[in-house]
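> This is entry-v9.txt, which holds compact mmCIF, C-alpha atoms and all ligand atoms:
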```
# COMPACT_ATOMS: atom_id res chain seq x y z
CA MET W 1155 77.12 128.17 123.86
CA PHE W 1156 77.02 124.86 125.74
CA LEU W 1157 76.03 124.56 129.37
CA ARG W 1158 77.09 121.10 130.53
CA LEU W 1159 75.44 119.75 133.68
CA ALA W 1160 76.83 117.02 135.89
CA GLN W 1161 75.27 113.61 136.70
CA CYS W 1162 73.50 111.07 134.51
CA ASN W 1163 70.88 108.37 135.12
CA LEU W 1164 72.34 106.09 132.41
CA ALA W 1165 75.84 104.68 131.87
CA CYS W 1166 76.58 104.28 128.16
CA SER W 1167 79.68 102.19 127.45
CA TRP W 1168 80.85 104.63 124.74
CA CYS W 1169 79.89 107.84 126.58
CA ASP W 1170 82.41 110.58 125.76
CA THR W 1171 81.44 112.76 128.72
CA LYS W 1172 82.05 110.28 131.53
CA TYR W 1173 83.69 113.10 133.45
CA THR W 1174 80.14 114.31 134.19
CA TRP W 1175 79.05 111.16 136.05
CA ASP W 1176 81.64 108.37 136.33
CA TRP W 1177 82.99 109.06 139.80
CA ASP W 1178 84.94 105.76 139.88
CA ASN W 1179 87.25 107.13 137.19
CA TYR W 1180 86.97 110.91 137.61
CA ARG W 1181 87.16 113.07 140.70
CA TYR W 1182 83.91 114.95 141.34
CA GLU W 1183 85.86 117.77 143.00
CA ASP W 1184 87.99 118.22 139.86
CA GLU W 1185 85.16 118.12 137.35
CA VAL W 1186 82.14 119.82 138.90
CA THR W 1187 81.55 123.43 139.84
CA THR W 1188 78.47 124.12 141.95
CA LEU W 1189 76.76 127.36 140.96
CA ALA W 1190 73.50 129.07 141.90
CA MET W 1191 71.02 129.59 139.05
CA GLU W 1192 71.72 133.34 139.09
CA GLU W 1193 75.46 132.74 138.68
CA VAL W 1194 74.86 130.46 135.68
CA ARG W 1195 72.47 133.01 134.16
CA ASP W 1196 74.95 135.84 134.53
CA ALA W 1197 77.80 133.75 133.07
CA VAL W 1198 75.67 132.76 130.07
CA LEU W 1199 74.54 136.37 129.48
CA ALA W 1200 78.13 137.63 129.76
CA TYR W 1201 79.30 135.18 127.09
CA GLY W 1202 77.47 137.15 124.40
CA CYS W 1203 75.97 134.29 122.35
CA PRO W 1204 72.15 134.15 122.42
CA HIS W 1205 71.91 130.48 121.42
CA LEU W 1206 72.24 128.07 124.35
CA VAL W 1207 72.43 124.27 124.30
CA ILE W 1208 71.86 122.73 127.72
CA THR W 1209 73.49 119.32 127.86
CA GLY W 1210 75.10 116.86 130.24
CA GLY W 1211 75.21 114.20 131.63
CA GLU W 1212 71.44 114.21 131.77
CA PRO W 1213 70.30 117.81 132.29
CA LEU W 1214 66.69 116.92 133.10
CA LEU W 1215 67.87 115.48 136.43
CA GLN W 1216 68.07 119.18 137.41
CA GLN W 1217 65.10 120.45 135.46
CA ARG W 1218 63.35 122.19 138.38
CA GLU W 1219 66.45 124.38 138.71
CA LEU W 1220 66.71 124.80 134.94
CA ALA W 1221 63.16 126.15 134.54
CA PRO W 1222 63.83 129.63 136.02
CA LEU W 1223 67.14 129.80 134.12
CA ALA W 1224 65.47 129.05 130.78
CA ALA W 1225 62.67 131.52 131.59
CA ALA W 1226 65.20 134.28 132.33
CA LEU W 1227 67.20 133.58 129.16
CA LYS W 1228 64.10 133.51 126.96
CA GLN W 1229 63.20 136.93 128.32
CA SER W 1230 66.61 138.07 127.10
CA GLY W 1231 65.87 136.79 123.59
CA PHE W 1232 67.76 133.48 123.75
CA PHE W 1233 67.11 130.38 121.63
CA CYS W 1234 67.33 127.48 124.09
CA GLU W 1235 67.91 123.81 123.23
CA VAL W 1236 68.09 120.84 125.59
CA GLU W 1237 69.95 117.60 124.89
CA THR W 1238 68.44 114.66 126.78
CA ASN W 1239 68.60 110.87 126.74
CA GLY W 1240 64.79 110.66 126.58
CA SER W 1241 64.26 108.87 129.90
CA ILE W 1242 62.77 111.80 131.85
CA LEU W 1243 59.67 113.78 130.86
CA PRO W 1244 60.15 117.55 131.00
CA VAL W 1245 57.99 119.49 133.45
CA PRO W 1246 55.71 122.15 131.87
CA GLU W 1247 57.55 124.98 133.68
CA LEU W 1248 60.68 124.10 131.73
CA ALA W 1249 59.08 122.96 128.47
CA ALA W 1250 57.39 126.35 128.07
CA HIS W 1251 60.79 127.99 127.54
CA ILE W 1252 62.59 125.42 125.37
CA ASP W 1253 62.75 126.03 121.62
CA GLN W 1254 64.16 122.65 120.64
CA TRP W 1255 64.55 119.22 122.25
CA ASN W 1256 67.40 117.02 121.05
CA VAL W 1257 66.33 113.62 122.34
CA SER W 1258 68.86 110.80 122.10
CA PRO W 1259 67.21 107.53 123.19
CA LYS W 1260 69.83 104.88 123.75
CA LEU W 1261 69.93 101.61 121.82
CA ALA W 1262 71.14 98.19 123.01
CA ASN W 1263 74.65 99.13 121.80
CA SER W 1264 74.90 101.56 124.75
CA GLY W 1265 75.00 98.70 127.26
CA ASN W 1266 72.14 100.14 129.33
CA PRO W 1267 69.37 97.66 130.31
CA LEU W 1268 66.16 98.02 128.26
CA ALA W 1269 64.07 99.03 131.28
CA ARG W 1270 66.39 101.95 131.99
CA ARG W 1271 66.98 103.19 128.46
CA THR W 1272 63.45 102.94 127.00
CA ILE W 1273 60.67 104.52 129.08
CA PRO W 1274 57.58 104.31 126.82
CA ALA W 1275 55.57 107.14 128.41
CA VAL W 1276 58.53 109.51 128.07
CA LEU W 1277 59.26 108.67 124.43
CA GLU W 1278 55.54 108.97 123.60
CA GLY W 1279 55.53 112.39 125.22
CA PHE W 1280 58.56 113.62 123.30
CA ALA W 1281 57.25 112.17 120.00
CA ARG W 1282 54.16 114.37 120.41
CA LEU W 1283 56.25 117.55 120.72
CA PRO W 1284 56.68 119.20 117.31
CA ASN W 1285 60.02 120.69 118.41
CA ALA W 1286 61.61 117.37 119.44
CA PHE W 1287 64.25 115.72 117.24
CA PHE W 1288 65.52 112.19 117.87
CA LYS W 1289 69.21 111.44 117.45
CA PHE W 1290 70.30 107.80 117.54
CA VAL W 1291 73.93 106.80 118.03
CA VAL W 1292 74.62 103.94 115.61
CA VAL W 1293 77.44 101.41 115.90
CA ASP W 1294 76.48 98.37 113.77
CA PRO W 1295 74.06 97.77 110.86
CA GLU W 1296 71.89 95.73 113.26
CA ASP W 1297 71.13 98.97 115.14
CA LEU W 1298 69.06 100.21 112.19
CA ALA W 1299 66.28 97.68 112.83
CA GLU W 1300 66.08 98.87 116.43
CA VAL W 1301 65.73 102.50 115.29
CA CYS W 1302 62.93 101.55 112.86
CA GLU W 1303 61.19 99.61 115.62
CA LEU W 1304 61.25 102.66 117.91
CA ARG W 1305 60.08 104.89 115.03
CA ASP W 1306 57.06 102.64 114.45
CA ARG W 1307 56.28 102.04 118.11
CA PHE W 1308 56.31 105.72 119.07
CA ASN W 1309 55.15 107.23 115.76
CA ILE W 1310 58.24 109.37 115.34
CA PRO W 1311 58.15 111.24 112.00
CA PRO W 1312 61.20 110.09 109.96
CA GLU W 1313 62.22 113.68 109.18
CA ARG W 1314 62.71 114.20 112.91
CA ILE W 1315 65.06 111.21 113.20
CA ILE W 1316 68.82 111.75 112.90
CA LEU W 1317 71.36 108.93 112.71
CA MET W 1318 74.87 109.64 113.94
CA PRO W 1319 77.82 107.22 113.86
CA GLU W 1320 79.46 106.41 117.17
CA GLY W 1321 83.19 106.98 117.05
CA ARG W 1322 86.06 108.93 118.53
CA SER W 1323 88.39 108.82 115.54
CA TYR W 1324 88.24 110.02 111.94
CA GLU W 1325 88.67 106.45 110.65
CA THR W 1326 85.78 105.06 112.69
CA LEU W 1327 83.47 107.85 111.58
CA ARG W 1328 84.46 107.45 107.94
CA ASN W 1329 83.91 103.66 108.02
CA ARG W 1330 80.46 103.99 109.54
CA SER W 1331 79.23 107.09 107.72
CA GLN W 1332 78.72 105.50 104.29
CA TRP W 1333 76.29 102.75 105.27
CA ILE W 1334 74.56 104.95 107.85
CA SER W 1335 73.96 107.73 105.30
CA ASP W 1336 72.67 105.13 102.82
CA ALA W 1337 70.17 104.01 105.47
CA CYS W 1338 69.14 107.65 106.01
CA VAL W 1339 68.38 108.06 102.31
CA LYS W 1340 66.40 104.80 102.30
CA GLU W 1341 64.31 105.58 105.41
CA GLY W 1342 63.96 109.37 104.99
CA PHE W 1343 66.04 110.06 108.11
CA ARG W 1344 68.64 112.78 108.56
CA PHE W 1345 72.35 112.13 108.93
CA SER W 1346 74.77 113.79 111.31
CA THR W 1347 78.50 113.38 111.61
CA ARG W 1348 80.54 114.40 114.65
CA LEU W 1349 82.18 117.63 113.55
CA HIS W 1350 84.29 118.04 116.69
CA ILE W 1351 85.90 114.62 116.07
CA LEU W 1352 86.63 115.50 112.44
CA LEU W 1353 88.19 118.79 113.54
CA TRP W 1354 90.02 117.84 116.73
CA ALA W 1355 89.83 114.01 116.97
CA ASP W 1356 89.81 112.95 120.62
CA GLU W 1357 91.94 115.82 121.84
CA ALA W 1358 92.00 116.32 125.61
CA ARG W 1359 89.72 118.98 127.04
CA PRO W 1360 91.25 122.24 128.17
CA VAL W 1361 91.57 122.27 131.95
CA THR W 1362 89.15 125.20 132.17
CA GLU W 1363 86.22 123.14 130.84
CA ARG W 1364 84.41 121.67 133.81
CA ALA W 1365 80.94 120.31 134.38
CA SER W 1366 78.55 122.62 136.19
CA ILE W 1367 75.50 122.27 138.37
S1 LIG W 1401 73.02 109.32 128.43
FE1 LIG W 1401 74.55 110.70 127.52
S2 LIG W 1401 75.73 111.50 129.26
FE2 LIG W 1401 74.57 109.74 130.01
S3 LIG W 1401 76.00 108.03 129.86
FE3 LIG W 1401 74.79 108.07 127.95
S4 LIG W 1401 75.97 109.30 126.49
FE4 LIG W 1401 76.79 109.70 128.56
```
Could I get this file's structure written as structure tokens?
Ligand code: SF4

Amino acid sequence: MFLRLAQCNLACSWCDTKYTWDWDNYRYEDEVTTLAMEEVRDAVLAYGCPHLVITGGEPLLQQRELAPLAAALKQSGFFCEVETNGSILPVPELAAHIDQWNVSPKLANSGNPLARRTIPAVLEGFARLPNAFFKFVVVDPEDLAEVCELRDRFNIPPERIILMPEGRSYETLRNRSQWISDACVKEGFRFSTRLHILLWADEARPVTERASI
């Protein structure tokens, strides 16, 4: 089950969830539902799937509110993952209840300025966590050098690095997947495709899917 939170502290050019933060092009009132922590907890419990992925936007912008939610769900036997852009360090009250961090530091191809997308203390902190995996969104072959530079700078174990092609069509994914998977074999990284694009392409979201706080 995915819990998608509104707002982001970055602005990636290729972001496919701009409806969580781009209020110049989306209406906040249409996209966001404001819920108390207890309401989110009850909705998640009622769904009947004990594996939760908390995503966004950037969910760590609301991490103080997330901590009691994650604590309650762990007590109910949940496996909890967080997807983050790696620019905010998690507080211990939240980290204690998270089983897996999916950290996706942004490269130059995202269009975010370096000072906003790479926060050394945060990436060092995540690299030290044994349950943190690093997923890089790759557009061009030149991006690979940037990934290797970050791997070396922050001592990220290669087996915890995942390369994923950017793309919102089957053709784009297919064109990029071959050379990206070759690079994964060469560097000892993992490869991920984008299964939802392969299955549904860039199909519009159902109207019932809305970002939540
Ligand atoms: S960090 Fe994630 S949610 Fe934020 S703009 Fe980039 S891709 Fe979108």
> Looking at W:His1251, W:Lys1289, W:Arg1359, W:Arg1322, which one is nearest to Gln1217 of chain W, with distances taken over only C-alpha atoms?
W:His1251
> To one decimal place, how far is atom CA of Pro1222 of chain W from atom CA of Glu1192 of chain W in Å?
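Separating atom CA of Pro1222 of chain W from atom CA of Glu1192 of chain W is a distance of 9.2 Å.
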> Closest to ligand LIG 1401 (chain W) among W:Leu1227, W:Val1207, W:Val1257, W:Leu1189, using all atoms listed in the file?
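Checking each of W:Leu1227, W:Val1207, W:Val1257, W:Leu1189 against ligand LIG 1401 (chain W), counting all atoms listed in the file, the winner is W:Val1257.
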> I want to know what sits within 10 Å of Asn1266 of chain W, based on all atoms listed in the file, with residues of the same chain fewer than 5 positions away left out; could you give that as a ChimeraX atom specification?
/W:1164-1167,1260-1261,1271-1272
> 12 Å from ligand LIG 1401 (chain W) is the threshold here; counting only C-alpha atoms and all ligand atoms, which polymer residues fall inside it? Answer as an MDAnalysis selection string.
chainID W and resid 1158:1176 1208:1215 1237:1242 1256:1267 1270:1272 1289:1291 1320 1365
> Let me make sure I understand: among W:Ala1286, W:Leu1277, W:Leu1220, W:Ala1190, which one has the smallest atom-to-atom distance to Arg1305 of chain W if we use all atoms listed in the file?
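Closest to Arg1305 of chain W, using all atoms listed in the file: W:Leu1277.
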